[in-house]
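Structure data follow from entry-v2.pdb (PDB, N, CA and C atoms, pLDDT in the B column):
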```
ATOM      1  N   MET A  13     -61.116 -33.265-113.985  1.00 66.00           N
ATOM      2  CA  MET A  13     -61.033 -31.870-113.609  1.00 66.00           C
ATOM      3  C   MET A  13     -60.612 -31.079-114.841  1.00 66.00           C
ATOM      4  N   GLU A  14     -61.470 -30.183-115.293  1.00 69.00           N
ATOM      5  CA  GLU A  14     -61.131 -29.312-116.406  1.00 69.00           C
ATOM      6  C   GLU A  14     -61.131 -27.877-115.925  1.00 69.00           C
ATOM      7  N   SER A  15     -60.235 -27.088-116.496  1.00 67.00           N
ATOM      8  CA  SER A  15     -60.115 -25.695-116.093  1.00 67.00           C
ATOM      9  C   SER A  15     -59.543 -24.893-117.243  1.00 67.00           C
ATOM     10  N   SER A  16     -59.839 -23.609-117.256  1.00 64.00           N
ATOM     11  CA  SER A  16     -59.249 -22.740-118.264  1.00 64.00           C
ATOM     12  C   SER A  16     -57.863 -22.258-117.835  1.00 64.00           C
ATOM     13  N   LEU A  17     -57.514 -22.488-116.577  1.00 60.00           N
ATOM     14  CA  LEU A  17     -56.186 -22.081-116.094  1.00 60.00           C
ATOM     15  C   LEU A  17     -55.125 -22.993-116.675  1.00 60.00           C
ATOM     16  N   ARG A  18     -54.011 -22.410-117.071  1.00 70.00           N
ATOM     17  CA  ARG A  18     -52.950 -23.188-117.706  1.00 70.00           C
ATOM     18  C   ARG A  18     -51.867 -23.644-116.744  1.00 70.00           C
ATOM     19  N   ASN A  19     -51.778 -23.012-115.608  1.00 79.00           N
ATOM     20  CA  ASN A  19     -50.691 -23.310-114.681  1.00 79.00           C
ATOM     21  C   ASN A  19     -51.211 -24.128-113.499  1.00 79.00           C
ATOM     22  N   HIS A  20     -50.911 -25.416-113.515  1.00 83.00           N
ATOM     23  CA  HIS A  20     -51.289 -26.319-112.435  1.00 83.00           C
ATOM     24  C   HIS A  20     -50.033 -26.982-111.891  1.00 83.00           C
ATOM     25  N   LEU A  21     -49.909 -26.996-110.585  1.00 88.00           N
ATOM     26  CA  LEU A  21     -48.785 -27.676-109.952  1.00 88.00           C
ATOM     27  C   LEU A  21     -49.336 -28.738-109.006  1.00 88.00           C
ATOM     28  N   LYS A  22     -48.892 -29.964-109.180  1.00 91.00           N
ATOM     29  CA  LYS A  22     -49.287 -31.041-108.283  1.00 91.00           C
ATOM     30  C   LYS A  22     -48.411 -30.969-107.050  1.00 91.00           C
ATOM     31  N   GLY A  23     -49.017 -31.176-105.895  1.00 95.00           N
ATOM     32  CA  GLY A  23     -48.224 -31.124-104.672  1.00 95.00           C
ATOM     33  C   GLY A  23     -48.932 -31.755-103.502  1.00 95.00           C
ATOM     34  N   LYS A  24     -48.301 -31.597-102.341  1.00 97.00           N
ATOM     35  CA  LYS A  24     -48.829 -32.158-101.110  1.00 97.00           C
ATOM     36  C   LYS A  24     -48.956 -31.049-100.078  1.00 97.00           C
ATOM     37  N   VAL A  25     -50.102 -31.023 -99.374  1.00 97.00           N
ATOM     38  CA  VAL A  25     -50.320 -30.043 -98.310  1.00 97.00           C
ATOM     39  C   VAL A  25     -49.361 -30.371 -97.176  1.00 97.00           C
ATOM     40  N   ILE A  26     -48.555 -29.374 -96.781  1.00 98.00           N
ATOM     41  CA  ILE A  26     -47.594 -29.606 -95.690  1.00 98.00           C
ATOM     42  C   ILE A  26     -47.946 -28.819 -94.428  1.00 98.00           C
ATOM     43  N   GLU A  27     -48.808 -27.788 -94.565  1.00 98.00           N
ATOM     44  CA  GLU A  27     -49.222 -27.040 -93.382  1.00 98.00           C
ATOM     45  C   GLU A  27     -50.498 -26.267 -93.700  1.00 98.00           C
ATOM     46  N   ILE A  28     -51.367 -26.171 -92.698  1.00 98.00           N
ATOM     47  CA  ILE A  28     -52.571 -25.363 -92.798  1.00 98.00           C
ATOM     48  C   ILE A  28     -52.632 -24.491 -91.553  1.00 98.00           C
ATOM     49  N   ILE A  29     -52.691 -23.191 -91.760  1.00 98.00           N
ATOM     50  CA  ILE A  29     -52.822 -22.246 -90.650  1.00 98.00           C
ATOM     51  C   ILE A  29     -54.211 -21.637 -90.758  1.00 98.00           C
ATOM     52  N   LYS A  30     -55.115 -22.118 -89.899  1.00 96.00           N
ATOM     53  CA  LYS A  30     -56.510 -21.676 -89.968  1.00 96.00           C
ATOM     54  C   LYS A  30     -56.698 -20.349 -89.252  1.00 96.00           C
ATOM     55  N   GLY A  31     -57.453 -19.484 -89.903  1.00 95.00           N
ATOM     56  CA  GLY A  31     -57.856 -18.227 -89.307  1.00 95.00           C
ATOM     57  C   GLY A  31     -59.366 -18.178 -89.255  1.00 95.00           C
ATOM     58  N   GLY A  32     -59.910 -17.086 -88.756  1.00 95.00           N
ATOM     59  CA  GLY A  32     -61.352 -16.943 -88.652  1.00 95.00           C
ATOM     60  C   GLY A  32     -62.028 -16.938 -90.009  1.00 95.00           C
ATOM     61  N   ALA A  33     -61.555 -16.080 -90.903  1.00 97.00           N
ATOM     62  CA  ALA A  33     -62.173 -15.949 -92.225  1.00 97.00           C
ATOM     63  C   ALA A  33     -61.330 -16.576 -93.324  1.00 97.00           C
ATOM     64  N   VAL A  34     -60.006 -16.456 -93.221  1.00 97.00           N
ATOM     65  CA  VAL A  34     -59.122 -17.011 -94.242  1.00 97.00           C
ATOM     66  C   VAL A  34     -58.068 -17.898 -93.592  1.00 97.00           C
ATOM     67  N   SER A  35     -57.547 -18.814 -94.391  1.00 97.00           N
ATOM     68  CA  SER A  35     -56.512 -19.733 -93.926  1.00 97.00           C
ATOM     69  C   SER A  35     -55.376 -19.759 -94.933  1.00 97.00           C
ATOM     70  N   GLU A  36     -54.175 -20.081 -94.442  1.00 96.00           N
ATOM     71  CA  GLU A  36     -53.012 -20.257 -95.311  1.00 96.00           C
ATOM     72  C   GLU A  36     -52.785 -21.753 -95.496  1.00 96.00           C
ATOM     73  N   VAL A  37     -52.635 -22.160 -96.753  1.00 97.00           N
ATOM     74  CA  VAL A  37     -52.378 -23.561 -97.069  1.00 97.00           C
ATOM     75  C   VAL A  37     -51.039 -23.631 -97.786  1.00 97.00           C
ATOM     76  N   GLU A  38     -50.066 -24.295 -97.161  1.00 96.00           N
ATOM     77  CA  GLU A  38     -48.754 -24.460 -97.782  1.00 96.00           C
ATOM     78  C   GLU A  38     -48.717 -25.794 -98.521  1.00 96.00           C
ATOM     79  N   VAL A  39     -48.259 -25.704 -99.774  1.00 96.00           N
ATOM     80  CA  VAL A  39     -48.209 -26.882-100.638  1.00 96.00           C
ATOM     81  C   VAL A  39     -46.785 -27.055-101.154  1.00 96.00           C
ATOM     82  N   GLU A  40     -46.239 -28.255-100.966  1.00 96.00           N
ATOM     83  CA  GLU A  40     -44.912 -28.572-101.491  1.00 96.00           C
ATOM     84  C   GLU A  40     -45.082 -29.126-102.896  1.00 96.00           C
ATOM     85  N   THR A  41     -44.460 -28.455-103.880  1.00 93.00           N
ATOM     86  CA  THR A  41     -44.542 -28.864-105.280  1.00 93.00           C
ATOM     87  C   THR A  41     -43.131 -29.103-105.809  1.00 93.00           C
ATOM     88  N   SER A  42     -43.053 -29.587-107.031  1.00 92.00           N
ATOM     89  CA  SER A  42     -41.740 -29.787-107.654  1.00 92.00           C
ATOM     90  C   SER A  42     -41.045 -28.445-107.902  1.00 92.00           C
ATOM     91  N   ALA A  43     -41.813 -27.355-107.928  1.00 89.00           N
ATOM     92  CA  ALA A  43     -41.245 -26.022-108.135  1.00 89.00           C
ATOM     93  C   ALA A  43     -40.882 -25.342-106.817  1.00 89.00           C
ATOM     94  N   GLY A  44     -41.166 -25.983-105.707  1.00 93.00           N
ATOM     95  CA  GLY A  44     -40.904 -25.412-104.389  1.00 93.00           C
ATOM     96  C   GLY A  44     -42.192 -25.326-103.588  1.00 93.00           C
ATOM     97  N   ILE A  45     -42.109 -24.667-102.439  1.00 95.00           N
ATOM     98  CA  ILE A  45     -43.271 -24.525-101.573  1.00 95.00           C
ATOM     99  C   ILE A  45     -44.026 -23.256-101.956  1.00 95.00           C
ATOM    100  N   ILE A  46     -45.326 -23.397-102.142  1.00 91.00           N
ATOM    101  CA  ILE A  46     -46.160 -22.235-102.419  1.00 91.00           C
ATOM    102  C   ILE A  46     -47.213 -22.131-101.325  1.00 91.00           C
ATOM    103  N   THR A  47     -47.649 -20.920-101.065  1.00 93.00           N
ATOM    104  CA  THR A  47     -48.671 -20.673-100.056  1.00 93.00           C
ATOM    105  C   THR A  47     -49.889 -20.062-100.714  1.00 93.00           C
ATOM    106  N   SER A  48     -51.034 -20.630-100.435  1.00 93.00           N
ATOM    107  CA  SER A  48     -52.296 -20.111-100.944  1.00 93.00           C
ATOM    108  C   SER A  48     -53.114 -19.601 -99.767  1.00 93.00           C
ATOM    109  N   VAL A  49     -53.723 -18.446 -99.930  1.00 94.00           N
ATOM    110  CA  VAL A  49     -54.629 -17.912 -98.920  1.00 94.00           C
ATOM    111  C   VAL A  49     -56.043 -18.091 -99.462  1.00 94.00           C
ATOM    112  N   ILE A  50     -56.803 -18.970 -98.797  1.00 95.00           N
ATOM    113  CA  ILE A  50     -58.179 -19.241 -99.216  1.00 95.00           C
ATOM    114  C   ILE A  50     -59.092 -19.107 -98.005  1.00 95.00           C
ATOM    115  N   THR A  51     -60.383 -19.066 -98.247  1.00 97.00           N
ATOM    116  CA  THR A  51     -61.299 -18.951 -97.120  1.00 97.00           C
ATOM    117  C   THR A  51     -61.236 -20.210 -96.260  1.00 97.00           C
ATOM    118  N   THR A  52     -61.443 -20.016 -94.978  1.00 97.00           N
ATOM    119  CA  THR A  52     -61.488 -21.141 -94.056  1.00 97.00           C
ATOM    120  C   THR A  52     -62.656 -22.048 -94.410  1.00 97.00           C
ATOM    121  N   ARG A  53     -63.725 -21.460 -94.903  1.00 97.00           N
ATOM    122  CA  ARG A  53     -64.877 -22.256 -95.348  1.00 97.00           C
ATOM    123  C   ARG A  53     -64.465 -23.210 -96.469  1.00 97.00           C
ATOM    124  N   SER A  54     -63.606 -22.744 -97.395  1.00 97.00           N
ATOM    125  CA  SER A  54     -63.141 -23.613 -98.490  1.00 97.00           C
ATOM    126  C   SER A  54     -62.263 -24.736 -97.970  1.00 97.00           C
ATOM    127  N   VAL A  55     -61.414 -24.438 -96.986  1.00 97.00           N
ATOM    128  CA  VAL A  55     -60.581 -25.489 -96.373  1.00 97.00           C
ATOM    129  C   VAL A  55     -61.475 -26.582 -95.809  1.00 97.00           C
ATOM    130  N   GLU A  56     -62.522 -26.158 -95.114  1.00 96.00           N
ATOM    131  CA  GLU A  56     -63.424 -27.131 -94.495  1.00 96.00           C
ATOM    132  C   GLU A  56     -64.267 -27.863 -95.541  1.00 96.00           C
ATOM    133  N   ARG A  57     -64.761 -27.140 -96.551  1.00 97.00           N
ATOM    134  CA  ARG A  57     -65.595 -27.753 -97.594  1.00 97.00           C
ATOM    135  C   ARG A  57     -64.808 -28.808 -98.368  1.00 97.00           C
ATOM    136  N   LEU A  58     -63.521 -28.514 -98.646  1.00 96.00           N
ATOM    137  CA  LEU A  58     -62.669 -29.460 -99.367  1.00 96.00           C
ATOM    138  C   LEU A  58     -62.139 -30.574 -98.457  1.00 96.00           C
ATOM    139  N   GLY A  59     -62.295 -30.390 -97.146  1.00 97.00           N
ATOM    140  CA  GLY A  59     -61.777 -31.386 -96.206  1.00 97.00           C
ATOM    141  C   GLY A  59     -60.263 -31.460 -96.241  1.00 97.00           C
ATOM    142  N   LEU A  60     -59.600 -30.319 -96.471  1.00 97.00           N
ATOM    143  CA  LEU A  60     -58.147 -30.320 -96.597  1.00 97.00           C
ATOM    144  C   LEU A  60     -57.478 -30.668 -95.273  1.00 97.00           C
ATOM    145  N   LYS A  61     -56.431 -31.495 -95.390  1.00 97.00           N
ATOM    146  CA  LYS A  61     -55.617 -31.824 -94.218  1.00 97.00           C
ATOM    147  C   LYS A  61     -54.179 -32.053 -94.672  1.00 97.00           C
ATOM    148  N   VAL A  62     -53.269 -31.931 -93.743  1.00 98.00           N
ATOM    149  CA  VAL A  62     -51.859 -32.140 -94.040  1.00 98.00           C
ATOM    150  C   VAL A  62     -51.683 -33.540 -94.621  1.00 98.00           C
ATOM    151  N   GLY A  63     -50.910 -33.615 -95.700  1.00 98.00           N
ATOM    152  CA  GLY A  63     -50.649 -34.890 -96.369  1.00 98.00           C
ATOM    153  C   GLY A  63     -51.503 -35.108 -97.608  1.00 98.00           C
ATOM    154  N   ASP A  64     -52.555 -34.301 -97.787  1.00 98.00           N
ATOM    155  CA  ASP A  64     -53.415 -34.449 -98.965  1.00 98.00           C
ATOM    156  C   ASP A  64     -52.666 -34.093-100.241  1.00 98.00           C
ATOM    157  N   GLU A  65     -52.896 -34.880-101.282  1.00 97.00           N
ATOM    158  CA  GLU A  65     -52.400 -34.568-102.622  1.00 97.00           C
ATOM    159  C   GLU A  65     -53.382 -33.580-103.248  1.00 97.00           C
ATOM    160  N   VAL A  66     -52.868 -32.474-103.773  1.00 96.00           N
ATOM    161  CA  VAL A  66     -53.720 -31.435-104.355  1.00 96.00           C
ATOM    162  C   VAL A  66     -53.089 -30.892-105.629  1.00 96.00           C
ATOM    163  N   PHE A  67     -53.846 -30.126-106.364  1.00 92.00           N
ATOM    164  CA  PHE A  67     -53.339 -29.346-107.481  1.00 92.00           C
ATOM    165  C   PHE A  67     -53.495 -27.884-107.134  1.00 92.00           C
ATOM    166  N   ALA A  68     -52.438 -27.115-107.297  1.00 91.00           N
ATOM    167  CA  ALA A  68     -52.502 -25.669-107.123  1.00 91.00           C
ATOM    168  C   ALA A  68     -52.685 -25.075-108.513  1.00 91.00           C
ATOM    169  N   ALA A  69     -53.812 -24.410-108.721  1.00 87.00           N
ATOM    170  CA  ALA A  69     -54.098 -23.762-110.001  1.00 87.00           C
ATOM    171  C   ALA A  69     -53.745 -22.280-109.841  1.00 87.00           C
ATOM    172  N   ILE A  70     -52.832 -21.813-110.655  1.00 83.00           N
ATOM    173  CA  ILE A  70     -52.315 -20.453-110.511  1.00 83.00           C
ATOM    174  C   ILE A  70     -52.898 -19.568-111.595  1.00 83.00           C
ATOM    175  N   LYS A  71     -53.500 -18.477-111.155  1.00 80.00           N
ATOM    176  CA  LYS A  71     -54.058 -17.499-112.084  1.00 80.00           C
ATOM    177  C   LYS A  71     -53.395 -16.157-111.786  1.00 80.00           C
ATOM    178  N   ALA A  72     -52.774 -15.607-112.785  1.00 75.00           N
ATOM    179  CA  ALA A  72     -52.105 -14.325-112.597  1.00 75.00           C
ATOM    180  C   ALA A  72     -52.461 -13.399-113.748  1.00 75.00           C
ATOM    181  N   SER A  73     -52.844 -12.200-113.423  1.00 71.00           N
ATOM    182  CA  SER A  73     -53.174 -11.253-114.481  1.00 71.00           C
ATOM    183  C   SER A  73     -51.908 -10.630-115.061  1.00 71.00           C
ATOM    184  N   GLU A  74     -50.810 -10.747-114.316  1.00 74.00           N
ATOM    185  CA  GLU A  74     -49.557 -10.176-114.798  1.00 74.00           C
ATOM    186  C   GLU A  74     -48.384 -10.897-114.140  1.00 74.00           C
ATOM    187  N   ILE A  75     -47.380 -11.186-114.918  1.00 71.00           N
ATOM    188  CA  ILE A  75     -46.153 -11.761-114.388  1.00 71.00           C
ATOM    189  C   ILE A  75     -45.001 -10.906-114.896  1.00 71.00           C
ATOM    190  N   SER A  76     -44.242 -10.367-113.953  1.00 78.00           N
ATOM    191  CA  SER A  76     -43.110  -9.509-114.318  1.00 78.00           C
ATOM    192  C   SER A  76     -41.834 -10.337-114.410  1.00 78.00           C
ATOM    193  N   ILE A  77     -40.976  -9.967-115.333  1.00 74.00           N
ATOM    194  CA  ILE A  77     -39.666 -10.587-115.483  1.00 74.00           C
ATOM    195  C   ILE A  77     -38.622  -9.516-115.207  1.00 74.00           C
ATOM    196  N   GLU A  78     -37.680  -9.831-114.337  1.00 84.00           N
ATOM    197  CA  GLU A  78     -36.599  -8.900-114.033  1.00 84.00           C
ATOM    198  C   GLU A  78     -35.265  -9.555-114.300  1.00 84.00           C
ATOM    199  N   LYS A  79     -34.327  -8.759-114.727  1.00 87.00           N
ATOM    200  CA  LYS A  79     -32.980  -9.274-114.956  1.00 87.00           C
ATOM    201  C   LYS A  79     -32.023  -8.450-114.113  1.00 87.00           C
ATOM    202  N   PRO A  80     -31.215  -9.109-113.304  1.00 85.00           N
ATOM    203  CA  PRO A  80     -30.286  -8.378-112.422  1.00 85.00           C
ATOM    204  C   PRO A  80     -29.233  -7.616-113.209  1.00 85.00           C
TER     205      PRO A  80
END
```
Encoding of this model in structure tokens:
Amino acid sequence: MESSLRNHLKGKVIEIIKGGAVSEVEVETSAGIITSVITTRSVERLGLKVGDEVFAAIKASEISIEKP
């Protein structure tokens, strides 16, 4: 698997909430739990199910840093 994205987190799918057009996929990673909203078609095409090992590829056009 090659990608131009630099931020990849390995994790395990812990929950999938399917909707009509989009679904929420919760992934437990070493950085914590992240939620991805992807099309339900992609969930089905990838055959995603709870317990699957996956990589979350994060693409952000901007990341803000705040200091309290």
Looking at A:Ala68, A:Ile29, A:Val62, A:Val34, which one is nearest to A:Ile46, with distances taken over only C-alpha atoms?
-> A:Ala68
Applying 8 Å and all atoms listed in the file, which residues near stretch 21-24 of chain A remain after dropping the ones on its own chain fewer than 6 positions away? List them as a CSV table (one decimal) with N, CA and C atoms, keeping the file's coordinate frame.
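Result file is selection_17.csv:
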```csv
chain,number,residue,atom,x,y,z
A,38,GLU,N,-50.1,-24.3,-97.2
A,38,GLU,CA,-48.8,-24.5,-97.8
A,38,GLU,C,-48.7,-25.8,-98.5
A,39,VAL,N,-48.3,-25.7,-99.8
A,39,VAL,CA,-48.2,-26.9,-100.6
A,39,VAL,C,-46.8,-27.1,-101.2
A,40,GLU,N,-46.2,-28.3,-101.0
A,40,GLU,CA,-44.9,-28.6,-101.5
A,40,GLU,C,-45.1,-29.1,-102.9
A,41,THR,N,-44.5,-28.5,-103.9
A,41,THR,CA,-44.5,-28.9,-105.3
A,41,THR,C,-43.1,-29.1,-105.8
A,42,SER,N,-43.1,-29.6,-107.0
A,42,SER,CA,-41.7,-29.8,-107.7
A,42,SER,C,-41.0,-28.4,-107.9
A,43,ALA,N,-41.8,-27.4,-107.9
A,43,ALA,CA,-41.2,-26.0,-108.1
A,43,ALA,C,-40.9,-25.3,-106.8
A,61,LYS,N,-56.4,-31.5,-95.4
A,61,LYS,CA,-55.6,-31.8,-94.2
A,61,LYS,C,-54.2,-32.1,-94.7
A,62,VAL,N,-53.3,-31.9,-93.7
A,62,VAL,CA,-51.9,-32.1,-94.0
A,62,VAL,C,-51.7,-33.5,-94.6
A,63,GLY,N,-50.9,-33.6,-95.7
A,63,GLY,CA,-50.6,-34.9,-96.4
A,63,GLY,C,-51.5,-35.1,-97.6
A,64,ASP,N,-52.6,-34.3,-97.8
A,64,ASP,CA,-53.4,-34.4,-99.0
A,64,ASP,C,-52.7,-34.1,-100.2
A,65,GLU,N,-52.9,-34.9,-101.3
A,65,GLU,CA,-52.4,-34.6,-102.6
A,65,GLU,C,-53.4,-33.6,-103.2
A,66,VAL,N,-52.9,-32.5,-103.8
A,66,VAL,CA,-53.7,-31.4,-104.4
A,66,VAL,C,-53.1,-30.9,-105.6
A,67,PHE,N,-53.8,-30.1,-106.4
A,67,PHE,CA,-53.3,-29.3,-107.5
A,67,PHE,C,-53.5,-27.9,-107.1
A,68,ALA,N,-52.4,-27.1,-107.3
A,68,ALA,CA,-52.5,-25.7,-107.1
A,68,ALA,C,-52.7,-25.1,-108.5
A,69,ALA,N,-53.8,-24.4,-108.7
A,69,ALA,CA,-54.1,-23.8,-110.0
A,69,ALA,C,-53.7,-22.3,-109.8
A,70,ILE,N,-52.8,-21.8,-110.7
A,70,ILE,CA,-52.3,-20.5,-110.5
A,70,ILE,C,-52.9,-19.6,-111.6
```
Secondary structure check, strand (DSSP E or B) residues of chain A, as a PyMOL selection string | chain A and resi 19-29+34-41+44-51+65-70
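Look at stretch 48-54 of chain A: the protein and nucleic acid residues within 7 Å of it, using only N, CA and C atoms and passing over chain neighbours fewer than 5 places away, are Lys30, Gly31, Gly32, Ala33, Val34, Ser35, Glu36, Val37, Glu38, Val39, Gly59 and Leu60 of chain A.
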Include N, CA and C atoms and write out the residues we just selected as a compact mmCIF listing (two decimals), in the frame of the given file.
```
# COMPACT_ATOMS: atom_id res chain seq x y z
N LYS A 30 -55.12 -22.12 -89.90
CA LYS A 30 -56.51 -21.68 -89.97
C LYS A 30 -56.70 -20.35 -89.25
N GLY A 31 -57.45 -19.48 -89.90
CA GLY A 31 -57.86 -18.23 -89.31
C GLY A 31 -59.37 -18.18 -89.26
N GLY A 32 -59.91 -17.09 -88.76
CA GLY A 32 -61.35 -16.94 -88.65
C GLY A 32 -62.03 -16.94 -90.01
N ALA A 33 -61.56 -16.08 -90.90
CA ALA A 33 -62.17 -15.95 -92.22
C ALA A 33 -61.33 -16.58 -93.32
N VAL A 34 -60.01 -16.46 -93.22
CA VAL A 34 -59.12 -17.01 -94.24
C VAL A 34 -58.07 -17.90 -93.59
N SER A 35 -57.55 -18.81 -94.39
CA SER A 35 -56.51 -19.73 -93.93
C SER A 35 -55.38 -19.76 -94.93
N GLU A 36 -54.18 -20.08 -94.44
CA GLU A 36 -53.01 -20.26 -95.31
C GLU A 36 -52.78 -21.75 -95.50
N VAL A 37 -52.64 -22.16 -96.75
CA VAL A 37 -52.38 -23.56 -97.07
C VAL A 37 -51.04 -23.63 -97.79
N GLU A 38 -50.07 -24.30 -97.16
CA GLU A 38 -48.75 -24.46 -97.78
C GLU A 38 -48.72 -25.79 -98.52
N VAL A 39 -48.26 -25.70 -99.77
CA VAL A 39 -48.21 -26.88 -100.64
C VAL A 39 -46.78 -27.06 -101.15
N GLY A 59 -62.30 -30.39 -97.15
CA GLY A 59 -61.78 -31.39 -96.21
C GLY A 59 -60.26 -31.46 -96.24
N LEU A 60 -59.60 -30.32 -96.47
CA LEU A 60 -58.15 -30.32 -96.60
C LEU A 60 -57.48 -30.67 -95.27
```
Expected axis-aligned box over every listed atom of stretch 20-34 of chain A, 4 Å added per side, centre plus edges in Å to one decimal, as JSON:
```
{"center_x": -54.9, "center_y": -24.1, "center_z": -101.1, "size_x": 22.6, "size_y": 24.2, "size_z": 32.9}
```
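In this structure, atom C of A:Glu56 sits 27.5 Å away from atom CA of A:Ser73.
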From a DSSP calculation on the backbone, collect every residue of chain A in helix (DSSP H, G or I) and output the set as a list in words.
->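 Assigned to helix (DSSP H, G or I), within chain A: Thr52, Arg53, Ser54, Val55, Glu56, Arg57 and Leu58 of chain A.
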